[in-house]
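Pasted below: query27.cif, mmCIF, C-alpha atoms and all ligand atoms.
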```
data_target
#
loop_
_atom_site.label_atom_id
_atom_site.label_comp_id
_atom_site.auth_asym_id
_atom_site.auth_seq_id
_atom_site.Cartn_x
_atom_site.Cartn_y
_atom_site.Cartn_z
CA MET H 2 -11.02 -6.11 10.65
CA ILE H 3 -10.01 -2.58 11.60
CA GLU H 4 -12.62 0.17 11.59
CA LEU H 5 -11.71 3.84 11.72
CA THR H 6 -14.72 6.10 12.20
CA ASP H 7 -14.30 9.82 11.69
CA LEU H 8 -10.90 9.45 13.31
CA THR H 9 -9.07 12.72 14.00
CA LYS H 10 -5.80 13.48 15.76
CA ARG H 11 -4.54 16.99 16.37
CA TYR H 12 -1.20 18.06 17.78
CA GLY H 13 -1.73 21.70 18.78
CA ASP H 14 -2.95 23.39 15.61
CA LYS H 15 -1.54 20.59 13.41
CA THR H 16 -4.12 18.02 12.25
CA ALA H 17 -2.20 14.79 11.63
CA VAL H 18 -5.27 12.61 10.97
CA ASP H 19 -8.36 14.34 9.65
CA HIS H 20 -11.80 12.71 9.90
CA LEU H 21 -10.63 9.38 8.54
CA THR H 22 -13.31 6.72 8.00
CA VAL H 23 -11.96 3.43 6.67
CA THR H 24 -12.62 -0.28 7.09
CA VAL H 25 -9.53 -2.48 6.67
CA ARG H 26 -10.78 -5.95 5.76
CA SER H 27 -9.60 -9.32 6.89
CA GLY H 28 -8.29 -11.91 4.42
CA THR H 29 -6.43 -9.41 2.30
CA VAL H 30 -3.23 -7.36 2.33
CA THR H 31 -4.13 -3.66 2.45
CA GLY H 32 -1.47 -1.11 1.62
CA PHE H 33 -1.56 2.15 3.59
CA LEU H 34 0.00 4.70 1.32
CA GLY H 35 0.72 8.38 1.59
CA PRO H 36 3.59 10.84 1.20
CA ASN H 37 5.89 11.49 4.15
CA GLY H 38 4.08 13.25 6.96
CA SER H 39 0.60 12.34 5.69
CA GLY H 40 -0.42 10.73 8.98
CA LYS H 41 0.22 6.99 8.47
CA SER H 42 2.28 6.39 11.60
CA THR H 43 -0.11 8.47 13.68
CA THR H 44 -3.04 6.40 12.40
CA LEU H 45 -1.25 3.15 13.26
CA ARG H 46 -0.50 4.46 16.74
CA LEU H 47 -4.17 5.38 17.19
CA ILE H 48 -5.22 1.85 16.14
CA LEU H 49 -2.86 0.44 18.76
CA GLY H 50 -4.11 2.81 21.44
CA LEU H 51 -0.62 4.29 21.84
CA ASN H 52 -2.16 7.72 21.28
CA ALA H 53 -5.71 8.78 22.05
CA PRO H 54 -7.76 10.27 19.20
CA SER H 55 -8.85 13.91 19.46
CA SER H 56 -12.22 12.71 18.17
CA GLY H 57 -13.71 9.72 16.38
CA ALA H 58 -13.14 6.07 17.13
CA VAL H 59 -11.07 3.07 16.12
CA THR H 60 -11.88 -0.57 16.75
CA VAL H 61 -10.06 -3.82 16.02
CA ASP H 62 -12.39 -6.75 15.43
CA GLY H 63 -15.12 -4.70 17.07
CA HIS H 64 -13.23 -3.62 20.21
CA PRO H 65 -11.00 -0.65 21.03
CA PHE H 66 -7.51 -2.11 21.28
CA THR H 67 -7.06 -0.55 24.70
CA ASP H 68 -9.84 -2.85 26.01
CA ARG H 69 -7.68 -5.88 25.27
CA PRO H 70 -5.30 -7.15 27.90
CA ARG H 71 -2.48 -9.24 26.43
CA GLY H 72 -2.60 -7.10 23.29
CA LEU H 73 -0.14 -9.09 21.16
CA ARG H 74 -2.62 -11.94 20.86
CA HIS H 75 -5.08 -9.56 19.19
CA VAL H 76 -2.89 -7.24 17.16
CA GLY H 77 0.74 -7.69 16.17
CA ALA H 78 2.61 -4.60 15.07
CA LEU H 79 5.96 -3.55 13.70
CA LEU H 80 6.20 0.21 14.11
CA ASP H 81 9.90 1.07 14.17
CA ALA H 82 12.40 -1.73 13.73
CA GLN H 83 15.24 0.48 15.02
CA ASP H 84 13.46 1.23 18.28
CA ILE H 85 14.71 -1.82 20.13
CA HIS H 86 17.14 -2.46 22.99
CA GLY H 87 20.48 -3.24 21.27
CA GLY H 88 22.10 -4.88 24.29
CA ARG H 89 19.80 -7.88 24.40
CA SER H 90 19.55 -10.89 22.13
CA ALA H 91 16.53 -11.50 19.90
CA VAL H 92 15.61 -14.48 22.06
CA ALA H 93 15.69 -12.39 25.26
CA HIS H 94 13.68 -9.60 23.61
CA LEU H 95 10.97 -11.96 22.33
CA LYS H 96 10.86 -13.89 25.62
CA SER H 97 10.11 -10.73 27.56
CA LEU H 98 7.35 -9.85 25.08
CA ALA H 99 5.95 -13.38 25.39
CA VAL H 100 5.95 -13.27 29.20
CA SER H 101 4.24 -9.86 29.42
CA ASN H 102 1.57 -10.97 26.94
CA ARG H 103 1.17 -14.50 28.41
CA ILE H 104 2.22 -16.15 25.18
CA PRO H 105 3.75 -19.66 25.41
CA LEU H 106 7.57 -19.44 25.27
CA ARG H 107 7.75 -22.07 22.51
CA ARG H 108 6.47 -19.32 20.16
CA VAL H 109 9.85 -17.55 20.46
CA GLY H 110 11.69 -20.35 18.65
CA GLU H 111 8.86 -20.76 16.16
CA VAL H 112 8.77 -17.11 15.08
CA LEU H 113 12.57 -16.83 14.92
CA GLU H 114 12.54 -19.84 12.61
CA GLU H 115 9.74 -18.30 10.58
CA VAL H 116 11.61 -15.03 9.95
CA GLY H 117 14.95 -16.70 9.26
CA LEU H 118 16.69 -15.58 12.47
CA ALA H 119 16.98 -18.96 14.21
CA GLU H 120 20.78 -18.94 13.86
CA ALA H 121 21.26 -15.31 14.93
CA GLY H 122 18.69 -15.43 17.74
CA ARG H 123 21.24 -15.47 20.57
CA LYS H 124 23.38 -12.64 19.19
CA ARG H 125 23.08 -9.06 20.45
CA ILE H 126 20.51 -7.06 18.51
CA GLY H 127 22.96 -4.13 18.43
CA GLY H 128 25.00 -6.06 15.85
CA TYR H 129 22.03 -6.72 13.55
CA SER H 130 21.69 -5.12 10.11
CA LEU H 131 18.55 -3.04 9.44
CA GLY H 132 17.14 -5.98 7.46
CA MET H 133 17.68 -8.33 10.43
CA LYS H 134 16.01 -5.80 12.72
CA GLN H 135 13.04 -5.68 10.35
CA ARG H 136 12.83 -9.47 10.51
CA LEU H 137 12.99 -9.35 14.30
CA GLY H 138 10.24 -6.72 14.36
CA ILE H 139 8.11 -8.98 12.17
CA ALA H 140 8.83 -11.90 14.52
CA GLY H 141 7.55 -9.77 17.42
CA ALA H 142 4.37 -8.97 15.48
CA LEU H 143 3.78 -12.67 14.78
CA LEU H 144 4.54 -13.83 18.33
CA GLY H 145 0.94 -13.84 19.63
CA ASP H 146 -0.42 -15.42 16.41
CA PRO H 147 -2.81 -12.44 16.14
CA PRO H 148 -5.70 -12.04 13.67
CA VAL H 149 -4.68 -8.45 12.91
CA LEU H 150 -1.20 -7.30 11.87
CA LEU H 151 0.12 -3.77 11.34
CA PHE H 152 3.44 -3.02 9.69
CA ASP H 153 4.90 0.49 9.35
CA GLU H 154 7.28 0.64 6.37
CA PRO H 155 8.32 -3.03 6.75
CA LEU H 156 10.21 -3.21 3.43
CA ASN H 157 12.59 -0.46 4.48
CA GLY H 158 16.14 -1.80 4.58
CA LEU H 159 15.39 -5.21 3.09
CA ASP H 160 17.34 -6.58 0.15
CA PRO H 161 15.38 -7.90 -2.88
CA GLU H 162 15.30 -11.43 -1.46
CA GLY H 163 14.01 -10.03 1.85
CA VAL H 164 11.36 -8.00 0.04
CA ARG H 165 10.16 -11.11 -1.83
CA TRP H 166 10.08 -13.07 1.41
CA VAL H 167 8.06 -10.39 3.22
CA ARG H 168 5.57 -10.14 0.35
CA GLU H 169 5.01 -13.87 0.31
CA MET H 170 4.60 -13.91 4.07
CA PHE H 171 2.03 -11.09 4.02
CA GLN H 172 0.06 -12.92 1.35
CA ARG H 173 0.14 -16.14 3.35
CA LEU H 174 -0.99 -14.33 6.52
CA ALA H 175 -3.88 -12.77 4.59
CA LYS H 176 -4.84 -16.15 3.08
CA GLU H 177 -5.10 -17.47 6.62
CA GLY H 178 -7.90 -14.92 7.08
CA ARG H 179 -5.92 -12.26 8.95
CA THR H 180 -6.11 -8.51 8.49
CA VAL H 181 -2.75 -7.29 7.18
CA PHE H 182 -2.28 -3.49 7.05
CA VAL H 183 1.06 -2.33 5.64
CA SER H 184 2.21 1.28 5.37
CA SER H 185 4.58 2.74 2.82
CA HIS H 186 5.30 6.08 1.20
CA LEU H 187 6.37 4.31 -2.02
CA MET H 188 3.81 3.11 -4.52
CA SER H 189 6.43 0.85 -6.09
CA GLU H 190 6.65 -1.09 -2.81
CA MET H 191 2.91 -1.62 -2.62
CA GLU H 192 2.41 -2.59 -6.25
CA HIS H 193 3.32 -6.23 -5.72
CA THR H 194 2.51 -6.38 -2.03
CA ALA H 195 -1.09 -5.24 -1.51
CA GLU H 196 -4.41 -6.15 -3.10
CA ARG H 197 -6.21 -3.12 -1.71
CA LEU H 198 -4.99 0.40 -1.04
CA VAL H 199 -5.93 3.03 1.49
CA VAL H 200 -4.30 6.28 0.33
CA ILE H 201 -4.09 9.37 2.51
CA GLY H 202 -2.68 12.86 2.07
CA ARG H 203 -2.51 15.49 4.82
CA GLY H 204 -4.46 13.12 7.08
CA HIS H 205 -7.40 12.95 4.63
CA LEU H 206 -8.65 9.84 2.88
CA ILE H 207 -7.86 10.02 -0.83
CA ALA H 208 -8.68 6.48 -1.96
CA ASP H 209 -9.88 3.18 -0.52
CA GLU H 210 -10.09 0.56 -3.25
CA THR H 211 -8.39 -2.30 -5.09
CA LEU H 212 -5.09 -1.76 -6.82
CA SER H 213 -6.67 -2.06 -10.26
CA GLU H 214 -9.39 0.46 -9.38
CA PHE H 215 -6.67 2.80 -8.19
CA SER H 216 -4.64 2.45 -11.37
CA ARG H 217 -7.67 3.44 -13.43
CA ARG H 218 -7.74 6.81 -11.65
CA GLY H 219 -4.70 7.95 -13.57
CA SER H 220 -6.05 10.68 -15.81
CA GLN H 221 -3.86 9.66 -18.72
CA ALA H 222 -5.12 6.12 -19.35
CA THR H 223 -4.38 5.48 -23.02
CA VAL H 224 -6.17 3.05 -25.32
CA LEU H 225 -4.11 1.58 -28.13
CA VAL H 226 -6.12 0.85 -31.24
CA ARG H 227 -4.97 -0.85 -34.41
CA THR H 228 -7.06 -0.77 -37.56
CA PRO H 229 -6.47 -0.80 -41.34
CA GLU H 230 -8.66 2.35 -41.44
CA ALA H 231 -6.68 4.43 -38.99
CA ALA H 232 -7.36 7.82 -40.61
CA ALA H 233 -11.12 7.29 -40.72
CA LEU H 234 -11.28 6.05 -37.14
CA ALA H 235 -9.04 8.88 -35.94
CA ALA H 236 -11.46 11.42 -37.42
CA ILE H 237 -14.46 9.74 -35.72
CA LEU H 238 -12.76 9.54 -32.33
CA THR H 239 -11.54 13.13 -32.55
CA ALA H 240 -15.10 14.26 -33.31
CA GLU H 241 -16.14 12.48 -30.08
CA GLY H 242 -13.65 14.58 -28.12
CA ALA H 243 -10.74 12.16 -27.84
CA ASP H 244 -7.11 13.10 -28.26
CA VAL H 245 -5.79 10.79 -30.98
CA GLN H 246 -2.12 10.39 -31.86
CA PRO H 247 -0.24 7.88 -33.98
CA ALA H 248 0.91 5.16 -31.58
CA ALA H 249 4.55 5.53 -30.56
CA ALA H 250 6.96 3.39 -32.54
CA ASP H 251 7.80 1.23 -29.53
CA SER H 252 4.18 0.57 -28.54
CA ALA H 253 2.70 -2.91 -28.40
CA ALA H 254 0.28 -1.95 -31.15
CA ASP H 255 3.08 -1.16 -33.56
CA ASP H 256 4.97 -4.32 -32.70
CA ASP H 257 1.90 -6.32 -33.61
CA ALA H 258 1.34 -4.25 -36.73
CA ASP H 259 4.75 -5.30 -37.98
CA ALA H 260 3.74 -8.92 -37.62
CA ASP H 261 0.23 -8.59 -39.05
CA GLY H 262 0.60 -6.25 -41.98
CA ASP H 263 0.11 -2.54 -42.18
CA ALA H 264 -2.75 -1.85 -39.74
CA GLY H 265 -2.13 1.61 -38.27
CA GLY H 266 -1.71 2.14 -34.54
CA LEU H 267 -3.49 4.95 -32.70
CA ALA H 268 -3.00 6.08 -29.11
CA VAL H 269 -6.34 7.40 -27.84
CA VAL H 270 -6.79 9.41 -24.66
CA GLY H 271 -10.18 10.53 -23.41
CA LEU H 272 -12.44 7.67 -24.49
CA PRO H 273 -12.68 4.25 -22.86
CA ALA H 274 -12.02 1.11 -24.90
CA PRO H 275 -15.68 -0.08 -24.98
CA LYS H 276 -16.76 3.27 -26.41
CA ILE H 277 -14.04 3.13 -29.08
CA GLY H 278 -15.11 -0.42 -29.98
CA GLU H 279 -18.72 0.68 -30.26
CA LEU H 280 -17.87 3.67 -32.48
CA ALA H 281 -15.75 1.49 -34.75
CA TRP H 282 -18.53 -1.10 -35.02
CA ARG H 283 -21.20 1.52 -35.77
CA ASN H 284 -19.01 2.94 -38.53
CA ASN H 285 -18.16 -0.44 -40.01
CA ILE H 286 -14.49 -0.11 -39.20
CA MET H 287 -12.60 -3.29 -38.46
CA LEU H 288 -10.36 -3.30 -35.41
CA ALA H 289 -7.28 -5.50 -35.30
CA GLU H 290 -6.51 -4.58 -31.69
CA LEU H 291 -8.02 -2.61 -28.82
CA ALA H 292 -6.01 -2.47 -25.59
CA THR H 293 -6.25 -0.21 -22.56
CA GLN H 294 -2.92 0.79 -21.13
CA ASN H 295 -3.62 1.87 -17.58
CA ALA H 296 -1.64 4.80 -16.30
CA SER H 297 0.99 3.45 -14.00
CA LEU H 298 0.07 3.16 -10.35
CA GLU H 299 2.98 5.45 -9.56
CA LYS H 300 1.54 8.12 -11.83
CA ALA H 301 -1.93 7.83 -10.29
CA PHE H 302 -0.38 8.11 -6.83
CA MET H 303 1.65 11.18 -7.76
CA GLU H 304 -1.35 12.89 -9.33
CA LEU H 305 -3.66 12.14 -6.43
CA THR H 306 -1.28 13.20 -3.70
CA ALA H 307 0.31 16.17 -5.49
CA ASP H 308 -1.48 18.74 -3.30
CA ALA H 309 -0.54 16.91 -0.12
CA VAL H 310 3.12 16.75 -1.13
CA GLU H 311 3.27 20.45 -2.01
CA TYR H 312 1.72 21.29 1.33
CA ALA H 313 4.22 19.15 3.23
CA ALA H 314 7.17 20.52 1.25
CA GLY H 315 6.18 24.09 1.96
CA GLU H 316 5.90 23.49 5.67
CA ALA H 317 8.56 23.67 8.31
CA ARG H 318 8.62 20.13 9.71
N1 LIG H 401 3.94 13.78 18.52
C1 LIG H 401 3.74 14.69 17.58
N2 LIG H 401 3.71 16.01 17.87
C2 LIG H 401 3.49 16.93 16.92
N3 LIG H 401 3.29 16.64 15.61
C3 LIG H 401 3.32 15.36 15.24
C4 LIG H 401 3.53 14.31 16.20
N4 LIG H 401 3.50 13.11 15.53
C5 LIG H 401 3.27 13.42 14.24
N5 LIG H 401 3.16 14.76 14.08
C6 LIG H 401 2.90 15.45 12.78
O1 LIG H 401 1.75 14.86 12.20
C7 LIG H 401 1.92 14.72 10.79
C8 LIG H 401 1.75 13.26 10.42
O2 LIG H 401 2.90 12.52 10.86
P1 LIG H 401 3.05 10.95 10.68
O3 LIG H 401 4.38 10.58 11.28
O4 LIG H 401 1.85 10.28 11.17
O5 LIG H 401 3.11 10.82 9.10
P2 LIG H 401 3.60 9.60 8.21
O6 LIG H 401 2.65 9.54 7.07
O7 LIG H 401 3.77 8.40 9.04
O8 LIG H 401 4.98 10.13 7.68
P3 LIG H 401 6.41 9.41 7.55
O9 LIG H 401 6.28 8.47 6.40
O10 LIG H 401 7.32 10.57 7.27
O11 LIG H 401 6.65 8.75 8.90
C9 LIG H 401 3.27 15.29 10.47
O12 LIG H 401 3.12 16.61 10.03
C10 LIG H 401 4.01 15.22 11.78
O13 LIG H 401 4.98 16.23 11.85
#
```

Starting from the coordinates I provided, produce the structure as structure tokens.
Ligand SMILES: Nc1ncnc2c1ncn2[C@@H]1O[C@H](COP(=O)(O)OP(=O)(O)OP(=O)(O)O)[C@@H](O)[C@H]1O
Amino acid sequence: MIELTDLTKRYGDKTAVDHLTVTVRSGTVTGFLGPNGSGKSTTLRLILGLNAPSSGAVTVDGHPFTDRPRGLRHVGALLDAQDIHGGRSAVAHLKSLAVSNRIPLRRVGEVLEEVGLAEAGRKRIGGYSLGMKQRLGIAGALLGDPPVLLFDEPLNGLDPEGVRWVREMFQRLAKEGRTVFVSSHLMSEMEHTAERLVVIGRGHLIADETLSEFSRRGSQATVLVRTPEAAALAAILTAEGADVQPAAADSAADDDADADGDAGGLAVVGLPAPKIGELAWRNNIMLAELATQNASLEKAFMELTADAVEYAAGEAR
């Protein structure tokens, strides 16, 4: 578990992390999402004790990371896969990490096997592709078999097979009870990777919740309704303040209508499905279908971080 308490980091008059209070739970993959420059990397560096907070506190399983000698046994991290000595081999790199963290050397072979670099382990890292470097960075994070793992943009540079592999690995690590905290600036990357999301913008916390809770934040959640009495229901829902439109021709409701007769499809924005069901029932209107179409996660992310993005874009960085 990682606990950030009122965590703040300033660089001169720039506040990179702004009073952030978050608990990252064990046993689940948590996505750490925010536009470029929102403070993700700074937060990860604060967790690792690589930078000191201006105020507030951060603990890993109850302790400041800086209190822990042999850190890799407590927290494994991939911060920047490119930031690695190109002249050495993966084996030499991991061995030196193992020695300085008093980790048994047999772990080097084990983690190289685990990330699919067993064959390439003796080659110079300078000749590795970005995807191979990401795998090596992940191997380094896994080396100490730690209960807490941090990954900064780990999907960057991976091909689709690599992305699938990383996702499965994160899920397995979480199932083993570990804390897995993964940053990205792309919602699409997190959609099939994380179960929970911590979203920040301009260093502020914007959301800390499950993926499905987050998707419901999208202001344009639409409910598709199909009923033989579409005109009557539309009038009732409109009177309740909803925006009611005929469902688009390619909607699921219309596809079903083709199969089931001539029940009309309505796309309703502004009332939740249970309320629509209740209004239909009270007015003796039969429903053939009632389905919430959540706004896409991407849309919710864009809406929620719009201010933060504008701010960053307007700033000299
Ligand atoms: N060492 C530093 N000195 C001054 N400003 C910094 C420093 N490190 C980060 N910043 C600033 O703090 C803000 C947050 O940066 P950070 O790298 O943490 O964001 P990020 O969300 O990781 O972004 P990205 O996805 O682009 O890496 C940015 O405005 C950045 O310019």

Could you put an axis-aligned box around every listed atom of ligand LIG 401 (chain H), padded by 8 Å on each side, and send me its centre and edge lengths in Å to one decimal, as JSON?
```
{"center_x": 4.5, "center_y": 12.7, "center_z": 12.5, "size_x": 21.6, "size_y": 24.5, "size_z": 28.1}
```

Gap from atom CA of Gly35 of chain H to atom CA of Asp146 of chain H - Å, one decimal: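 One can read the atom CA of Gly35 of chain H to atom CA of Asp146 of chain H distance as 28.1 Å.
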
Write out as JSON lines the residues of chain H that have any atom within 10 Å of an atom of ligand LIG 401 (chain H), one row each with the nearest atom pair and its distance in Å to one decimal, counting all atoms listed in the file, sorted by chain and then rising number.
```
{"residue": "H:Lys10", "atom": "CA", "partner": "H:LIG401", "partner_atom": "O1", "distance": 8.5}
{"residue": "H:Arg11", "atom": "CA", "partner": "H:LIG401", "partner_atom": "O1", "distance": 7.8}
{"residue": "H:Tyr12", "atom": "CA", "partner": "H:LIG401", "partner_atom": "C2", "distance": 4.9}
{"residue": "H:Gly13", "atom": "CA", "partner": "H:LIG401", "partner_atom": "C2", "distance": 7.3}
{"residue": "H:Asp14", "atom": "CA", "partner": "H:LIG401", "partner_atom": "N3", "distance": 9.2}
{"residue": "H:Lys15", "atom": "CA", "partner": "H:LIG401", "partner_atom": "N3", "distance": 6.6}
{"residue": "H:Thr16", "atom": "CA", "partner": "H:LIG401", "partner_atom": "O1", "distance": 6.7}
{"residue": "H:Ala17", "atom": "CA", "partner": "H:LIG401", "partner_atom": "O1", "distance": 4.0}
{"residue": "H:Val18", "atom": "CA", "partner": "H:LIG401", "partner_atom": "C8", "distance": 7.1}
{"residue": "H:Phe33", "atom": "CA", "partner": "H:LIG401", "partner_atom": "O6", "distance": 9.2}
{"residue": "H:Leu34", "atom": "CA", "partner": "H:LIG401", "partner_atom": "O6", "distance": 8.0}
{"residue": "H:Gly35", "atom": "CA", "partner": "H:LIG401", "partner_atom": "O6", "distance": 5.9}
{"residue": "H:Pro36", "atom": "CA", "partner": "H:LIG401", "partner_atom": "O6", "distance": 6.1}
{"residue": "H:Asn37", "atom": "CA", "partner": "H:LIG401", "partner_atom": "O10", "distance": 3.6}
{"residue": "H:Gly38", "atom": "CA", "partner": "H:LIG401", "partner_atom": "O8", "distance": 3.3}
{"residue": "H:Ser39", "atom": "CA", "partner": "H:LIG401", "partner_atom": "O6", "distance": 3.7}
{"residue": "H:Gly40", "atom": "CA", "partner": "H:LIG401", "partner_atom": "O4", "distance": 3.2}
{"residue": "H:Lys41", "atom": "CA", "partner": "H:LIG401", "partner_atom": "O6", "distance": 3.8}
{"residue": "H:Ser42", "atom": "CA", "partner": "H:LIG401", "partner_atom": "O7", "distance": 3.6}
{"residue": "H:Thr43", "atom": "CA", "partner": "H:LIG401", "partner_atom": "O4", "distance": 3.7}
{"residue": "H:Thr44", "atom": "CA", "partner": "H:LIG401", "partner_atom": "O4", "distance": 6.4}
{"residue": "H:Leu45", "atom": "CA", "partner": "H:LIG401", "partner_atom": "O4", "distance": 8.1}
{"residue": "H:Arg46", "atom": "CA", "partner": "H:LIG401", "partner_atom": "O4", "distance": 8.4}
{"residue": "H:Leu47", "atom": "CA", "partner": "H:LIG401", "partner_atom": "O4", "distance": 9.8}
{"residue": "H:Asn52", "atom": "CA", "partner": "H:LIG401", "partner_atom": "N1", "distance": 9.0}
{"residue": "H:Leu80", "atom": "CA", "partner": "H:LIG401", "partner_atom": "O7", "distance": 9.9}
{"residue": "H:Asp81", "atom": "CA", "partner": "H:LIG401", "partner_atom": "O11", "distance": 9.9}
{"residue": "H:Asp153", "atom": "CA", "partner": "H:LIG401", "partner_atom": "O7", "distance": 8.0}
{"residue": "H:Glu154", "atom": "CA", "partner": "H:LIG401", "partner_atom": "O9", "distance": 7.9}
{"residue": "H:Ser184", "atom": "CA", "partner": "H:LIG401", "partner_atom": "O7", "distance": 8.2}
{"residue": "H:Ser185", "atom": "CA", "partner": "H:LIG401", "partner_atom": "O9", "distance": 7.0}
{"residue": "H:His186", "atom": "CA", "partner": "H:LIG401", "partner_atom": "O9", "distance": 5.8}
{"residue": "H:Leu187", "atom": "CA", "partner": "H:LIG401", "partner_atom": "O9", "distance": 9.4}
{"residue": "H:Ile201", "atom": "CA", "partner": "H:LIG401", "partner_atom": "O6", "distance": 8.1}
{"residue": "H:Gly202", "atom": "CA", "partner": "H:LIG401", "partner_atom": "O6", "distance": 8.0}
{"residue": "H:Arg203", "atom": "CA", "partner": "H:LIG401", "partner_atom": "C8", "distance": 7.4}
{"residue": "H:Gly204", "atom": "CA", "partner": "H:LIG401", "partner_atom": "C8", "distance": 7.1}
{"residue": "H:Tyr312", "atom": "CA", "partner": "H:LIG401", "partner_atom": "O12", "distance": 10.0}
{"residue": "H:Ala313", "atom": "CA", "partner": "H:LIG401", "partner_atom": "O12", "distance": 7.3}
{"residue": "H:Glu316", "atom": "CA", "partner": "H:LIG401", "partner_atom": "O12", "distance": 8.6}
{"residue": "H:Ala317", "atom": "CA", "partner": "H:LIG401", "partner_atom": "O13", "distance": 9.0}
{"residue": "H:Arg318", "atom": "CA", "partner": "H:LIG401", "partner_atom": "O13", "distance": 5.7}
```

Prev. selection, C-alpha atoms, output as a PDB file, in the frame of the given file:
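What landed in again_33.pdb:
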```
ATOM      1  CA  LYS H  10      -5.800  13.480  15.760  1.00  0.00           C
ATOM      2  CA  ARG H  11      -4.540  16.990  16.370  1.00  0.00           C
ATOM      3  CA  TYR H  12      -1.200  18.060  17.780  1.00  0.00           C
ATOM      4  CA  GLY H  13      -1.730  21.700  18.780  1.00  0.00           C
ATOM      5  CA  ASP H  14      -2.950  23.390  15.610  1.00  0.00           C
ATOM      6  CA  LYS H  15      -1.540  20.590  13.410  1.00  0.00           C
ATOM      7  CA  THR H  16      -4.120  18.020  12.250  1.00  0.00           C
ATOM      8  CA  ALA H  17      -2.200  14.790  11.630  1.00  0.00           C
ATOM      9  CA  VAL H  18      -5.270  12.610  10.970  1.00  0.00           C
ATOM     10  CA  PHE H  33      -1.560   2.150   3.590  1.00  0.00           C
ATOM     11  CA  LEU H  34       0.000   4.700   1.320  1.00  0.00           C
ATOM     12  CA  GLY H  35       0.720   8.380   1.590  1.00  0.00           C
ATOM     13  CA  PRO H  36       3.590  10.840   1.200  1.00  0.00           C
ATOM     14  CA  ASN H  37       5.890  11.490   4.150  1.00  0.00           C
ATOM     15  CA  GLY H  38       4.080  13.250   6.960  1.00  0.00           C
ATOM     16  CA  SER H  39       0.600  12.340   5.690  1.00  0.00           C
ATOM     17  CA  GLY H  40      -0.420  10.730   8.980  1.00  0.00           C
ATOM     18  CA  LYS H  41       0.220   6.990   8.470  1.00  0.00           C
ATOM     19  CA  SER H  42       2.280   6.390  11.600  1.00  0.00           C
ATOM     20  CA  THR H  43      -0.110   8.470  13.680  1.00  0.00           C
ATOM     21  CA  THR H  44      -3.040   6.400  12.400  1.00  0.00           C
ATOM     22  CA  LEU H  45      -1.250   3.150  13.260  1.00  0.00           C
ATOM     23  CA  ARG H  46      -0.500   4.460  16.740  1.00  0.00           C
ATOM     24  CA  LEU H  47      -4.170   5.380  17.190  1.00  0.00           C
ATOM     25  CA  ASN H  52      -2.160   7.720  21.280  1.00  0.00           C
ATOM     26  CA  LEU H  80       6.200   0.210  14.110  1.00  0.00           C
ATOM     27  CA  ASP H  81       9.900   1.070  14.170  1.00  0.00           C
ATOM     28  CA  ASP H 153       4.900   0.490   9.350  1.00  0.00           C
ATOM     29  CA  GLU H 154       7.280   0.640   6.370  1.00  0.00           C
ATOM     30  CA  SER H 184       2.210   1.280   5.370  1.00  0.00           C
ATOM     31  CA  SER H 185       4.580   2.740   2.820  1.00  0.00           C
ATOM     32  CA  HIS H 186       5.300   6.080   1.200  1.00  0.00           C
ATOM     33  CA  LEU H 187       6.370   4.310  -2.020  1.00  0.00           C
ATOM     34  CA  ILE H 201      -4.090   9.370   2.510  1.00  0.00           C
ATOM     35  CA  GLY H 202      -2.680  12.860   2.070  1.00  0.00           C
ATOM     36  CA  ARG H 203      -2.510  15.490   4.820  1.00  0.00           C
ATOM     37  CA  GLY H 204      -4.460  13.120   7.080  1.00  0.00           C
ATOM     38  CA  TYR H 312       1.720  21.290   1.330  1.00  0.00           C
ATOM     39  CA  ALA H 313       4.220  19.150   3.230  1.00  0.00           C
ATOM     40  CA  GLU H 316       5.900  23.490   5.670  1.00  0.00           C
ATOM     41  CA  ALA H 317       8.560  23.670   8.310  1.00  0.00           C
ATOM     42  CA  ARG H 318       8.620  20.130   9.710  1.00  0.00           C
TER      43      ARG H 318
END
```

Separation of atom CA of His94 of chain H from atom CA of Arg173 of chain H in Å: 25.2 Å

Within 6 Å of Gly88 of chain H, counting all atoms listed in the file, which residues show up once you throw out same-chain ones fewer than 2 positions away? Write them as a PDB file with C-alpha atoms, in the frame of the given file, please.
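Once everything was written out, this is selection-v5.pdb:
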```pdb
ATOM      1  CA  HIS H  86      17.140  -2.460  22.990  1.00  0.00           C
ATOM      2  CA  ARG H 125      23.080  -9.060  20.450  1.00  0.00           C
ATOM      3  CA  GLY H 127      22.960  -4.130  18.430  1.00  0.00           C
TER       4      GLY H 127
END
```

All residues 12 Å or closer to segment 159-164 of chain H, all atoms listed in the file, same chain fewer than 4 positions away omitted, as JSON, numbers by chain: {"H": [82, 116, 117, 130, 131, 132, 133, 134, 135, 136, 139, 154, 155, 168, 169, 170, 171, 189, 190, 191, 193, 194]}

Now that the selection is made, can you save its residues with C-alpha atoms as a compact mmCIF listing (two decimals), keeping the file's coordinate frame?
```
# COMPACT_ATOMS: atom_id res chain seq x y z
CA ALA H 82 12.40 -1.73 13.73
CA VAL H 116 11.61 -15.03 9.95
CA GLY H 117 14.95 -16.70 9.26
CA SER H 130 21.69 -5.12 10.11
CA LEU H 131 18.55 -3.04 9.44
CA GLY H 132 17.14 -5.98 7.46
CA MET H 133 17.68 -8.33 10.43
CA LYS H 134 16.01 -5.80 12.72
CA GLN H 135 13.04 -5.68 10.35
CA ARG H 136 12.83 -9.47 10.51
CA ILE H 139 8.11 -8.98 12.17
CA GLU H 154 7.28 0.64 6.37
CA PRO H 155 8.32 -3.03 6.75
CA ARG H 168 5.57 -10.14 0.35
CA GLU H 169 5.01 -13.87 0.31
CA MET H 170 4.60 -13.91 4.07
CA PHE H 171 2.03 -11.09 4.02
CA SER H 189 6.43 0.85 -6.09
CA GLU H 190 6.65 -1.09 -2.81
CA MET H 191 2.91 -1.62 -2.62
CA HIS H 193 3.32 -6.23 -5.72
CA THR H 194 2.51 -6.38 -2.03
```
